[in-house]
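Participant: Supplied in structure tokens, the structure appears directly below.
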Amino acid sequence: MNPVSNQPTGATTSMHALSLSTATRTAIQQEVLRYPHFRTALLPSLKLAQREIGYLPPSILNEVADLVGVSHAAAYELTTFYSMLHTKPHGRLAVEVCVQLPCGFCGGERLLKQLEAGLGIKPGETTQDGMLSLHRTPECMGGCHRSPMVRIGDHYVENLTAKADVDALCAELQAGRIPTTKGTLNHDCHPATANANASKKPIEYTPILLPRQPRSTQVSLAEYQASRGYEGLKQALQKQPAEVIEIVKQSNLRGRGGAAFSAGMKWSFVPKAAGPKYLVVNADESEPGTFKDRELMEVESHMLLEGMAIASYAIGCKEAFLYLRGEYVEAGDRMRAAIGEAEQQGLLGKNILGSGFELKIHVFLGAGAYICGEETALLESLEGNRPMPRSRPPFPAISGLYSKPTVVNNVETICNVPHILLHGADWFKKIGPNEKSAGPKIYCLSGWVNRPGNYELPLGAVTFRELIEHWGMGMRDGAKIKGVLPAGISAPIVPADQLDAKLDYEGVAGAGSMLGSASLIVIPEDVSIVRAATRMLEFFRHESCGKCTPCREGTQWLHKILLRFEQGRGEPKDLDLLLSLSNQISGKVLCALGDFATSPVTATIKHFRPEYLAAILNGQGARDAQGTTDWSQRG
Amino acid sequence: MIEDLKALLAGFFTTLRHMGRKKITLMYPEQKRQPAAKFKGRHQLHKYDNGLERCIGCHLCAAACPSQAIYVGAEENDPKAPISFGERYAKHFEINMIRCIFCGFCEEACPVEAIRLGPEYELSDYQRHAFVYTKDMLLDPEKHAPRRQFHADVEQHRGPIGGKPEGEAAVSGAPKGHCDTPTGARTPRKQDL
Amino acid sequence: MSNLANPTGLSGATTPPPPPPQNPNLVSLTINGKRLTVPKGTLLVEAAKMAGSEIPVFCYHPKLKPVGACRMCLVEIEKNPRLQTACTTPVSEGMVANSVSPNAISGQNAVIEMLLANHPLDCPICDKGGECPLQDNTFKYGQGVSRMQEDKRAKDKAFALSDRIVLDKERCIMCYRCTRFQSEIVGDQALVALDRGGESEIGTQNGESFESPFSGNTIELCPVGALTSRFYRFRSRPWDLKRTPSVCSGCSMGCNTSLHARDGAILRMVARENPGIDDGWLCDKGRFQTLPPVTALGQVTAAEAKQNRPLQPLLRKHGSLQPTTLELALQRTVELLRGYTAVLASPTLTNEAMLALETGLRPMAQQSQFGFLPYVHTPWLLQGKIANLPFAKKIVLLGFDPWTELPVLALWLRKAAQNGGNLVAVGQHNGLFRDSAAWLSVPQDRVGDTTAELLAALTTGKASAPVREAAMKLTCDGPAVLLLHPDLAADASLLFLAQQLAQQLGANGDTGMLGAPALAANARGAQELAPTIASATVSSHGLTGILLLGIDHLVPQSGAKLAVATSRAIEPRSDVEVVLPMLHPYETAGTYTNFTGQRQALLAGGFVGRNVPSDQQLISHLRTALTHRHAGAR
């Protein structure tokens, strides 16, 4: 159940490695001194140790705990929580194949079977020489627009549609190398200009968040400055912080991470009293079907930094954290490089642009836990604790990181900020037909469309159908749409007859769902919705932190029932049980994960009840329209 | 006077009439009545087919007993030689039969159908202490109880005799873990899901 | 079995808002239709108790920070679309809360069903049965039927976490009370939560035992039978226990306890909260190691049966110890005490016994030396109250490690440190290192020098850098605490320095605490009521006979014949002549005086037969026997 992998850079895979090298010890000691509180260093230190040893046996855990200054049990506690930390040895090259939606029905399961055959091991197994292991992961890794894909340690290998590419991958792996096949890291599916089907309704819009698409290489500081980069910061520094907050408030910028709370208003909650305050940027992006923050950080790194600087100035913060999910190693490296560039030019660090304002930014990587996308769980993770959400009140703006006032914002939200400061709140408000939900939105389109990718469009400018058909170039093989999951797997599915709803918060709500982070997964008609729902519950069961009773027990229970349906064992009254349990979970849990976990169940039963009944009829189980019992032939 | 004689004769004839009829009196102890299926007589502790005792020493019978006639002392099972099916068994089990009112609450309370009131009712004795039945007497009356308390031909009607324990073998033995020599624990059930 | 105690109705929505309170520190609200006024900041779950309503909880505990994890306390609050957890919601003016509305009841039913979904059907074999909050809440707030038909999770059962605690991972409902206790109250984070989601469980670092001086408290905190005591395992059911209030005899804290006995045999000791002494906690030493051996028939384990606690007097005849009468045993004891002999008494004797010893027995045995083992006298009697401790801002420990010697005191000092107090420890051992502002780690024989240096640092400023840094932490205002180890107090010059330091810090008994605390259970009582004996040092060389009164173990073999009055099993060593059975303090009615001078009552929690005398009775018998000896000698 725990898909895990890591790429050790050390040569050792010996089970007898009992202590850390001097280099690692020094690195850990530096880590301990880096943060405002020593405990924050616990997770990075564990990852440093694992990088050397390959896994974390008890003696190493004890050593790390002693170096950081926590109890042995505390180190063990973190290790067993995060998917990317292992207490047992793994293959030196651990291949993780994503089978969550959409990858699952877009070739992920097929890829898994091919790798099984090509590498000669089953999922969960390691080769005899301990070099390779294969893992099936229900977690999404942010490569949905390039499915099917795998992660091998720090590296992603994507777009593995062609058998030749898969064969090449197997060959490289068996030689002990991580491949650089053609499928890696290439954006090959983006609109160079606005909508491709020009005969349909054109949109007048010049992208501001991803203006350089289809580019995938990082924008350097010089390039960024050449297109008015960091001028927004200059403007902000000439104003009072309270003014800056007011501008952002006036712009009606709403949070882009899913909750859609007014960013300016959140900033205004921070008390003006003296004392440390923190800005934490949530780059944990783990919702299946979401890959926008990844592109923003990999390409427009400086835009994010500029936004963070403006936001920090506005709230009076001197130390900010960028919390990335552990898998986004490439993005983390690029952000660090960009920070280096910016600090050299006096755009970050001490006395920014001679204004006296200072900002230090920590790039902090997680270790594989979707729950860290929940803001208070993220703060717990930063504090070196088990990342479980906190009860609110108090809210982070009053008592957040280290119990100090903290603002947590999504990457995309922050990336809008420099443009607002540069062009003004009124200009921003006019982007899009709806002033109340103003500004651009990056729509992550994935699933069974011809051209999945990140589409930046004004909020509310297009409908579901227009996005799929004009920008996504329609459905593959002319397939019909069964439904669209608009906010990753966390919001109710929008069936095919509702796809003329506008893609803004109000429009999607009107279609009985939520826009959330705008991660649209398009499900074709021939895919079994029962299998899809089961796969989605597998995600929530795997990611539930376990703190509160209804989610901990409920996600497992719902998943078990759905598995039965998938296998054809069940009764019609089990559907009532599923709905009743969903009711028992939703609204009674500590954080939104529990609520979201019920959406796949309630929405799919509401719109596709006959499929459930067909699955248990004669015990045939969940079948796609072609009659197949799994997705290994698809994609 | 005729009426008196008539009355007298009527009585005699009633007696004579009944002389020919089948008697319902049983000539105890040569003839003994088969107790009804729901008869609540002497208790017996039962075992499973595989020889493990059903009783798990849970004290529920003692708690249910209105006359506090039962004493239970529980103990940990030795995994190499488990006595009951589970972590615990009754090391001491005594019933004071003089206190017992044969209400059957203990039987109702027992979660594993260990203690059941059976068909035996010939329980007299001469000394008070003889009425405290120990576990041996309750578990295996044929061997340990006075002969009159066990009749092989009398059927135990209520509840299954023997049977299989439900579920997997539970843990038996003293707690295993970090600080003990590991004493065989149960393998967690394979998750089929 | 529907909601037996939950009447429907009383939505609370129609009651008019209460008038605003006069006092800004008070808040008026309505709970289940009842209006009340409570202090600002009160949690809704506590306010409900004041309103006479019970809101069920699992993870909430008054002494731990609320987490809102179990969701059992979900209540309906007007104007709030979602149910809220009462344990994390402070009261607000005009709040209308309802825990018996249909919505709230459905929340309670939901949580119980979820908790029971994977909880094993262990009640008959689980030690917690009969005193189990999960059982009680299921009856009161559950629906009575579970719809779970899938296979339940299987995890380790009867997992030995340590030599005293068993963990059943299947029963655990992940309320985190135990982990929060270890991290908030104790600070050693010895127990943590592992894995994630439905696979979560409680545990320690893999392979390590759950070692903490306070681990036993998790047994009481655990609301289900997940954490249970290995000593008490399977011995009894709660309804068979007789509960008697008493005081612990482990050390001089005087923690209040409750002794639970079945048929006269004391099976376990639990905490009996005294907010001014123990704050509801017990240390493991007191909880597990001070209990008398179990001798009641039917209760004795095989191991215990081998130990043989004496319940009748024994006399050595023909080379082995044989049962005898009390008269003969006393006679032999009296004979033994002729000549160069000693009487060594345990400081766990009750005050009544102490007095009898000093004024009754000692005058009748003038030729014998009398003393306590261990030596109990402290030249610097402690002043101060435990209740002062959380407010202390300056705390100095000289050669004294409460973590091992007076464990519950360490918890109080940790509280003080968390409230902003600065703790400076001088000495080799410091269990409170996590909470110390400074730790001058020196061996015991250097404590004196370091104390002098510390005093110098505070007065003249002349000291080495680390001592100066430590002294900086002691320059703030506020109540002060200074504790010196009683063994070190014997050194007059060190004592003087310590007293000077206490004066320098402004430590006094009204606001803080100062002194060299006597460590054994009734050591202070000994010093107050048996002063001559308490201050006497007994020379053990060349003794011909020794009477041991209530001491746990035998003295090293020396050539002296021993008469042992004890409540514990003793090895039948060849020099043991007489064994006199005596009641254990937990079987005695008497009083103890704790290290601050507080006198508390013990009641007899166990019964081992009419023929076993208490400590006071035995001393009285001995006195009588000695009187006869004198009479006979004349």
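Following the order of the structure tokens, first chain is A, next is B, and so on, with residues numbered from 1 inside each chain and ligands from 1 in the order they appear.
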Name all residues at most 12 Å from Leu529 (chain C) (count only C-alpha atoms; drop same-chain ones fewer than 3 positions away) and give them as a VMD selection string.

Facilitator: chain C and resid 347 349 to 360 377 522 to 526 532 to 535 591 to 593 597

Participant: How about saving the chosen residues, N, CA and C atoms kept, as a short mmCIF file (atom, residue, chain, number, x, y, z; two decimals), in the first residue's frame?

Facilitator:
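What follows is the written file selection_28.cif:
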data_model
loop_
_atom_site.label_atom_id
_atom_site.label_comp_id
_atom_site.auth_asym_id
_atom_site.auth_seq_id
_atom_site.Cartn_x
_atom_site.Cartn_y
_atom_site.Cartn_z
N PRO C 347 11.61 4.22 56.92
CA PRO C 347 10.87 5.49 56.92
C PRO C 347 9.50 5.39 56.27
N LEU C 349 7.20 3.66 57.76
CA LEU C 349 6.26 3.44 58.86
C LEU C 349 5.37 4.66 59.01
N THR C 350 4.17 4.45 59.56
CA THR C 350 3.24 5.57 59.72
C THR C 350 3.68 6.47 60.86
N ASN C 351 3.12 7.66 60.91
CA ASN C 351 3.43 8.59 62.00
C ASN C 351 3.15 7.98 63.36
N GLU C 352 2.06 7.23 63.42
CA GLU C 352 1.67 6.62 64.69
C GLU C 352 2.74 5.64 65.14
N ALA C 353 3.28 4.90 64.18
CA ALA C 353 4.33 3.94 64.51
C ALA C 353 5.61 4.67 64.90
N MET C 354 5.87 5.79 64.21
CA MET C 354 7.07 6.57 64.52
C MET C 354 7.04 7.03 65.98
N LEU C 355 5.90 7.55 66.35
CA LEU C 355 5.76 8.05 67.72
C LEU C 355 5.95 6.92 68.71
N ALA C 356 5.31 5.79 68.39
CA ALA C 356 5.42 4.63 69.29
C ALA C 356 6.87 4.18 69.39
N LEU C 357 7.55 4.26 68.30
CA LEU C 357 8.95 3.84 68.27
C LEU C 357 9.80 4.73 69.20
N GLU C 358 9.61 6.02 69.03
CA GLU C 358 10.44 6.97 69.77
C GLU C 358 10.09 7.00 71.25
N THR C 359 8.82 7.08 71.55
CA THR C 359 8.43 7.28 72.95
C THR C 359 8.07 5.99 73.64
N GLY C 360 7.78 4.96 72.88
CA GLY C 360 7.35 3.71 73.50
C GLY C 360 8.43 2.66 73.54
N HIS C 377 17.41 11.96 58.12
CA HIS C 377 17.41 13.30 58.68
C HIS C 377 17.89 14.33 57.66
N ASN C 522 7.88 8.62 54.57
CA ASN C 522 7.47 9.36 55.75
C ASN C 522 8.69 9.89 56.49
N ALA C 523 9.71 10.28 55.72
CA ALA C 523 10.94 10.74 56.34
C ALA C 523 10.71 11.98 57.18
N ARG C 524 9.89 12.85 56.68
CA ARG C 524 9.62 14.07 57.44
C ARG C 524 8.86 13.73 58.71
N GLY C 525 7.95 12.81 58.60
CA GLY C 525 7.22 12.36 59.78
C GLY C 525 8.19 11.77 60.79
N ALA C 526 9.17 11.03 60.29
CA ALA C 526 10.17 10.45 61.17
C ALA C 526 10.94 11.55 61.88
N THR C 532 15.03 11.77 67.75
CA THR C 532 16.28 11.16 68.20
C THR C 532 16.69 10.04 67.27
N ILE C 533 15.74 9.22 66.95
CA ILE C 533 16.04 8.09 66.07
C ILE C 533 16.43 8.59 64.69
N ALA C 534 15.73 9.62 64.23
CA ALA C 534 15.99 10.10 62.87
C ALA C 534 17.39 10.65 62.72
N SER C 535 17.87 11.29 63.76
CA SER C 535 19.19 11.91 63.60
C SER C 535 20.32 10.99 64.01
N THR C 591 -1.13 7.77 59.29
CA THR C 591 -0.87 9.02 58.56
C THR C 591 0.58 9.08 58.12
N TYR C 592 0.79 9.84 57.06
CA TYR C 592 2.12 10.12 56.54
C TYR C 592 2.29 11.63 56.50
N THR C 593 3.53 12.08 56.61
CA THR C 593 3.80 13.50 56.41
C THR C 593 4.70 13.63 55.19
N GLY C 597 5.69 18.86 54.71
CA GLY C 597 5.09 18.91 56.05
C GLY C 597 3.60 18.67 56.06
#

Participant: Run DSSP on the backbone and grab whatever in region 474-593 of chain C lands in helix (DSSP H, G or I); send it over as a ChimeraX atom specification.

Facilitator: /C:486-489,492-505,523-529,531-535,585-587

Participant: Would you please work out which residue, of C:Ser101, C:Asn206, C:Thr85, C:Gln182, is nearest to chain B when using only C-alpha atoms?

Facilitator: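 Between C:Ser101, C:Asn206, C:Thr85, C:Gln182, the residue approaching chain B most closely is C:Asn206.
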
Participant: Give me the residues near Thr627 (chain C) as a PyMOL selection string, where near means some atom within 12 Å (using only C-alpha atoms) and where sequence neighbours in that chain fewer than 6 positions away do not count.

Facilitator: chain C and resi 330-331+334+360-365+620-621+633-634

Participant: Pick the closest to Gly339 (chain C) from C:Gly216, C:Pro56, C:Gly545, C:Gly264: which is it, counting only C-alpha atoms?

Facilitator: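 Nearest to Gly339 (chain C): C:Gly545.
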
Participant: Within 12 Å of chain B, which residues belong to chain A? Use only C-alpha atoms and report them as a PDB file with all heavy atoms, in the first residue's frame.

Facilitator:
ATOM      1  N   MET A   1       0.827  -1.202   0.000  1.00  0.00           N
ATOM      2  CA  MET A   1       0.000   0.000   0.000  1.00  0.00           C
ATOM      3  C   MET A   1       0.863   1.255   0.000  1.00  0.00           C
ATOM      4  O   MET A   1       0.368   2.334  -0.199  1.00  0.00           O
ATOM      5  CB  MET A   1      -0.871   0.076   1.259  1.00  0.00           C
ATOM      6  CG  MET A   1      -2.208  -0.525   1.086  1.00  0.00           C
ATOM      7  SD  MET A   1      -3.141   0.288  -0.184  1.00  0.00           S
ATOM      8  CE  MET A   1      -4.615   0.699   0.641  1.00  0.00           C
ATOM      9  N   THR A 534     -13.619   3.699  -7.224  1.00  0.00           N
ATOM     10  CA  THR A 534     -12.783   2.884  -6.348  1.00  0.00           C
ATOM     11  C   THR A 534     -11.357   3.416  -6.317  1.00  0.00           C
ATOM     12  O   THR A 534     -10.729   3.494  -5.261  1.00  0.00           O
ATOM     13  CB  THR A 534     -12.776   1.416  -6.819  1.00  0.00           C
ATOM     14  OG1 THR A 534     -14.119   1.007  -7.041  1.00  0.00           O
ATOM     15  CG2 THR A 534     -12.148   0.522  -5.782  1.00  0.00           C
ATOM     16  N   GLU A 538      -9.268   4.877  -3.172  1.00  0.00           N
ATOM     17  CA  GLU A 538      -7.965   4.327  -2.803  1.00  0.00           C
ATOM     18  C   GLU A 538      -7.020   5.478  -2.454  1.00  0.00           C
ATOM     19  O   GLU A 538      -6.250   5.397  -1.502  1.00  0.00           O
ATOM     20  CB  GLU A 538      -7.384   3.500  -3.949  1.00  0.00           C
ATOM     21  CG  GLU A 538      -6.102   2.783  -3.568  1.00  0.00           C
ATOM     22  CD  GLU A 538      -5.474   2.006  -4.717  1.00  0.00           C
ATOM     23  OE1 GLU A 538      -6.110   1.871  -5.776  1.00  0.00           O
ATOM     24  OE2 GLU A 538      -4.336   1.544  -4.539  1.00  0.00           O
ATOM     25  N   ARG A 541      -8.060   6.932   1.023  1.00  0.00           N
ATOM     26  CA  ARG A 541      -7.731   5.997   2.095  1.00  0.00           C
ATOM     27  C   ARG A 541      -6.227   6.030   2.361  1.00  0.00           C
ATOM     28  O   ARG A 541      -5.782   6.001   3.509  1.00  0.00           O
ATOM     29  CB  ARG A 541      -8.153   4.600   1.670  1.00  0.00           C
ATOM     30  CG  ARG A 541      -7.711   3.500   2.625  1.00  0.00           C
ATOM     31  CD  ARG A 541      -8.115   2.152   2.102  1.00  0.00           C
ATOM     32  NE  ARG A 541      -7.677   1.080   2.985  1.00  0.00           N
ATOM     33  CZ  ARG A 541      -8.013  -0.176   2.830  1.00  0.00           C
ATOM     34  NH1 ARG A 541      -8.815  -0.534   1.831  1.00  0.00           N
ATOM     35  NH2 ARG A 541      -7.567  -1.105   3.655  1.00  0.00           N
ATOM     36  N   GLN A 556     -11.457   4.090   4.773  1.00  0.00           N
ATOM     37  CA  GLN A 556     -11.132   2.672   4.637  1.00  0.00           C
ATOM     38  C   GLN A 556     -12.395   1.859   4.375  1.00  0.00           C
ATOM     39  O   GLN A 556     -12.420   0.965   3.517  1.00  0.00           O
ATOM     40  CB  GLN A 556     -10.451   2.179   5.913  1.00  0.00           C
ATOM     41  CG  GLN A 556      -9.387   1.138   5.644  1.00  0.00           C
ATOM     42  CD  GLN A 556      -8.741   0.630   6.904  1.00  0.00           C
ATOM     43  OE1 GLN A 556      -9.411   0.279   7.859  1.00  0.00           O
ATOM     44  NE2 GLN A 556      -7.421   0.561   6.898  1.00  0.00           N
ATOM     45  N   TRP A 557     -13.436   2.162   5.107  1.00  0.00           N
ATOM     46  CA  TRP A 557     -14.688   1.421   4.977  1.00  0.00           C
ATOM     47  C   TRP A 557     -15.282   1.642   3.590  1.00  0.00           C
ATOM     48  O   TRP A 557     -15.669   0.685   2.908  1.00  0.00           O
ATOM     49  CB  TRP A 557     -15.654   1.891   6.071  1.00  0.00           C
ATOM     50  CG  TRP A 557     -16.829   0.996   6.325  1.00  0.00           C
ATOM     51  CD1 TRP A 557     -17.263  -0.047   5.571  1.00  0.00           C
ATOM     52  CD2 TRP A 557     -17.734   1.116   7.411  1.00  0.00           C
ATOM     53  NE1 TRP A 557     -18.377  -0.607   6.131  1.00  0.00           N
ATOM     54  CE2 TRP A 557     -18.693   0.095   7.251  1.00  0.00           C
ATOM     55  CE3 TRP A 557     -17.829   1.980   8.510  1.00  0.00           C
ATOM     56  CZ2 TRP A 557     -19.736  -0.090   8.156  1.00  0.00           C
ATOM     57  CZ3 TRP A 557     -18.863   1.788   9.403  1.00  0.00           C
ATOM     58  CH2 TRP A 557     -19.807   0.774   9.227  1.00  0.00           C
ATOM     59  N   LEU A 558     -15.371   2.896   3.165  1.00  0.00           N
ATOM     60  CA  LEU A 558     -15.916   3.182   1.833  1.00  0.00           C
ATOM     61  C   LEU A 558     -15.109   2.452   0.771  1.00  0.00           C
ATOM     62  O   LEU A 558     -15.662   1.851  -0.159  1.00  0.00           O
ATOM     63  CB  LEU A 558     -15.893   4.692   1.550  1.00  0.00           C
ATOM     64  CG  LEU A 558     -16.879   5.573   2.294  1.00  0.00           C
ATOM     65  CD1 LEU A 558     -16.592   7.034   2.000  1.00  0.00           C
ATOM     66  CD2 LEU A 558     -18.307   5.238   1.909  1.00  0.00           C
ATOM     67  N   HIS A 559     -13.808   2.503   0.890  1.00  0.00           N
ATOM     68  CA  HIS A 559     -12.965   1.859  -0.120  1.00  0.00           C
ATOM     69  C   HIS A 559     -13.207   0.362  -0.155  1.00  0.00           C
ATOM     70  O   HIS A 559     -13.278  -0.252  -1.219  1.00  0.00           O
ATOM     71  CB  HIS A 559     -11.497   2.169   0.139  1.00  0.00           C
ATOM     72  CG  HIS A 559     -10.586   1.649  -0.919  1.00  0.00           C
ATOM     73  ND1 HIS A 559      -9.492   0.867  -0.649  1.00  0.00           N
ATOM     74  CD2 HIS A 559     -10.619   1.774  -2.267  1.00  0.00           C
ATOM     75  CE1 HIS A 559      -8.890   0.541  -1.788  1.00  0.00           C
ATOM     76  NE2 HIS A 559      -9.546   1.084  -2.778  1.00  0.00           N
ATOM     77  N   LYS A 560     -13.332  -0.243   1.026  1.00  0.00           N
ATOM     78  CA  LYS A 560     -13.550  -1.690   1.068  1.00  0.00           C
ATOM     79  C   LYS A 560     -14.856  -2.060   0.375  1.00  0.00           C
ATOM     80  O   LYS A 560     -14.929  -3.061  -0.345  1.00  0.00           O
ATOM     81  CB  LYS A 560     -13.581  -2.181   2.514  1.00  0.00           C
ATOM     82  CG  LYS A 560     -12.208  -2.296   3.146  1.00  0.00           C
ATOM     83  CD  LYS A 560     -12.302  -2.911   4.541  1.00  0.00           C
ATOM     84  CE  LYS A 560     -10.920  -3.007   5.164  1.00  0.00           C
ATOM     85  NZ  LYS A 560     -10.948  -3.481   6.544  1.00  0.00           N
ATOM     86  N   ILE A 561     -15.883  -1.262   0.597  1.00  0.00           N
ATOM     87  CA  ILE A 561     -17.166  -1.566  -0.044  1.00  0.00           C
ATOM     88  C   ILE A 561     -17.049  -1.400  -1.555  1.00  0.00           C
ATOM     89  O   ILE A 561     -17.517  -2.253  -2.341  1.00  0.00           O
ATOM     90  CB  ILE A 561     -18.286  -0.652   0.498  1.00  0.00           C
ATOM     91  CG1 ILE A 561     -18.454  -0.860   1.999  1.00  0.00           C
ATOM     92  CG2 ILE A 561     -19.598  -0.941  -0.209  1.00  0.00           C
ATOM     93  CD1 ILE A 561     -19.427   0.117   2.628  1.00  0.00           C
ATOM     94  N   LEU A 562     -16.387  -0.315  -1.972  1.00  0.00           N
ATOM     95  CA  LEU A 562     -16.242  -0.088  -3.411  1.00  0.00           C
ATOM     96  C   LEU A 562     -15.415  -1.194  -4.069  1.00  0.00           C
ATOM     97  O   LEU A 562     -15.690  -1.617  -5.187  1.00  0.00           O
ATOM     98  CB  LEU A 562     -15.590   1.273  -3.673  1.00  0.00           C
ATOM     99  CG  LEU A 562     -16.496   2.478  -3.461  1.00  0.00           C
ATOM    100  CD1 LEU A 562     -15.711   3.762  -3.605  1.00  0.00           C
ATOM    101  CD2 LEU A 562     -17.656   2.463  -4.454  1.00  0.00           C
ATOM    102  N   LEU A 563     -14.415  -1.684  -3.361  1.00  0.00           N
ATOM    103  CA  LEU A 563     -13.618  -2.786  -3.905  1.00  0.00           C
ATOM    104  C   LEU A 563     -14.494  -4.006  -4.139  1.00  0.00           C
ATOM    105  O   LEU A 563     -14.353  -4.727  -5.121  1.00  0.00           O
ATOM    106  CB  LEU A 563     -12.473  -3.135  -2.955  1.00  0.00           C
ATOM    107  CG  LEU A 563     -11.199  -2.317  -3.133  1.00  0.00           C
ATOM    108  CD1 LEU A 563     -10.240  -2.587  -1.989  1.00  0.00           C
ATOM    109  CD2 LEU A 563     -10.523  -2.628  -4.453  1.00  0.00           C
ATOM    110  N   ARG A 564     -15.380  -4.223  -3.212  1.00  0.00           N
ATOM    111  CA  ARG A 564     -16.310  -5.338  -3.389  1.00  0.00           C
ATOM    112  C   ARG A 564     -17.137  -5.151  -4.652  1.00  0.00           C
ATOM    113  O   ARG A 564     -17.336  -6.079  -5.429  1.00  0.00           O
ATOM    114  CB  ARG A 564     -17.260  -5.434  -2.190  1.00  0.00           C
ATOM    115  CG  ARG A 564     -16.791  -6.341  -1.086  1.00  0.00           C
ATOM    116  CD  ARG A 564     -17.933  -6.811  -0.205  1.00  0.00           C
ATOM    117  NE  ARG A 564     -18.506  -5.791   0.627  1.00  0.00           N
ATOM    118  CZ  ARG A 564     -19.768  -5.367   0.553  1.00  0.00           C
ATOM    119  NH1 ARG A 564     -20.588  -5.882  -0.340  1.00  0.00           N
ATOM    120  NH2 ARG A 564     -20.212  -4.446   1.379  1.00  0.00           N
ATOM    121  N   PHE A 565     -17.629  -3.921  -4.832  1.00  0.00           N
ATOM    122  CA  PHE A 565     -18.416  -3.646  -6.040  1.00  0.00           C
ATOM    123  C   PHE A 565     -17.569  -3.864  -7.272  1.00  0.00           C
ATOM    124  O   PHE A 565     -18.023  -4.424  -8.265  1.00  0.00           O
ATOM    125  CB  PHE A 565     -18.929  -2.191  -6.016  1.00  0.00           C
ATOM    126  CG  PHE A 565     -20.297  -2.055  -5.418  1.00  0.00           C
ATOM    127  CD1 PHE A 565     -20.453  -1.985  -4.047  1.00  0.00           C
ATOM    128  CD2 PHE A 565     -21.411  -2.020  -6.224  1.00  0.00           C
ATOM    129  CE1 PHE A 565     -21.708  -1.869  -3.487  1.00  0.00           C
ATOM    130  CE2 PHE A 565     -22.679  -1.903  -5.672  1.00  0.00           C
ATOM    131  CZ  PHE A 565     -22.833  -1.830  -4.308  1.00  0.00           C
ATOM    132  N   GLU A 566     -16.334  -3.407  -7.202  1.00  0.00           N
ATOM    133  CA  GLU A 566     -15.454  -3.550  -8.364  1.00  0.00           C
ATOM    134  C   GLU A 566     -15.293  -5.026  -8.708  1.00  0.00           C
ATOM    135  O   GLU A 566     -15.177  -5.399  -9.861  1.00  0.00           O
ATOM    136  CB  GLU A 566     -14.097  -2.919  -8.056  1.00  0.00           C
ATOM    137  CG  GLU A 566     -13.286  -2.632  -9.300  1.00  0.00           C
ATOM    138  CD  GLU A 566     -11.862  -2.172  -8.994  1.00  0.00           C
ATOM    139  OE1 GLU A 566     -11.483  -2.137  -7.806  1.00  0.00           O
ATOM    140  OE2 GLU A 566     -11.148  -1.865  -9.951  1.00  0.00           O
ATOM    141  N   GLN A 567     -15.295  -5.846  -7.662  1.00  0.00           N
ATOM    142  CA  GLN A 567     -15.142  -7.279  -7.906  1.00  0.00           C
ATOM    143  C   GLN A 567     -16.487  -7.964  -8.124  1.00  0.00           C
ATOM    144  O   GLN A 567     -16.540  -9.178  -8.275  1.00  0.00           O
ATOM    145  CB  GLN A 567     -14.426  -7.920  -6.707  1.00  0.00           C
ATOM    146  CG  GLN A 567     -12.972  -7.500  -6.614  1.00  0.00           C
ATOM    147  CD  GLN A 567     -12.442  -7.646  -5.193  1.00  0.00           C
ATOM    148  OE1 GLN A 567     -13.055  -8.315  -4.359  1.00  0.00           O
ATOM    149  NE2 GLN A 567     -11.307  -7.041  -4.924  1.00  0.00           N
TER     150      GLN A 567
END

Participant: Using only C-alpha atoms, which residues sit within 10 Å of Asn508 (chain C) once same-chain residues fewer than 2 positions away are excluded, as a VMD selection string?

Facilitator: chain C and resid 383 to 384 479 to 482 502 to 503 505 to 506 510 to 515

Participant: For chain B, work out the contacting residues on chain C at 7 Å, counting only C-alpha atoms, and write them as a VMD selection string.

Facilitator: chain C and resid 124 to 125 154 to 155 157 to 163 166 207 to 209 234 to 235 298 to 299
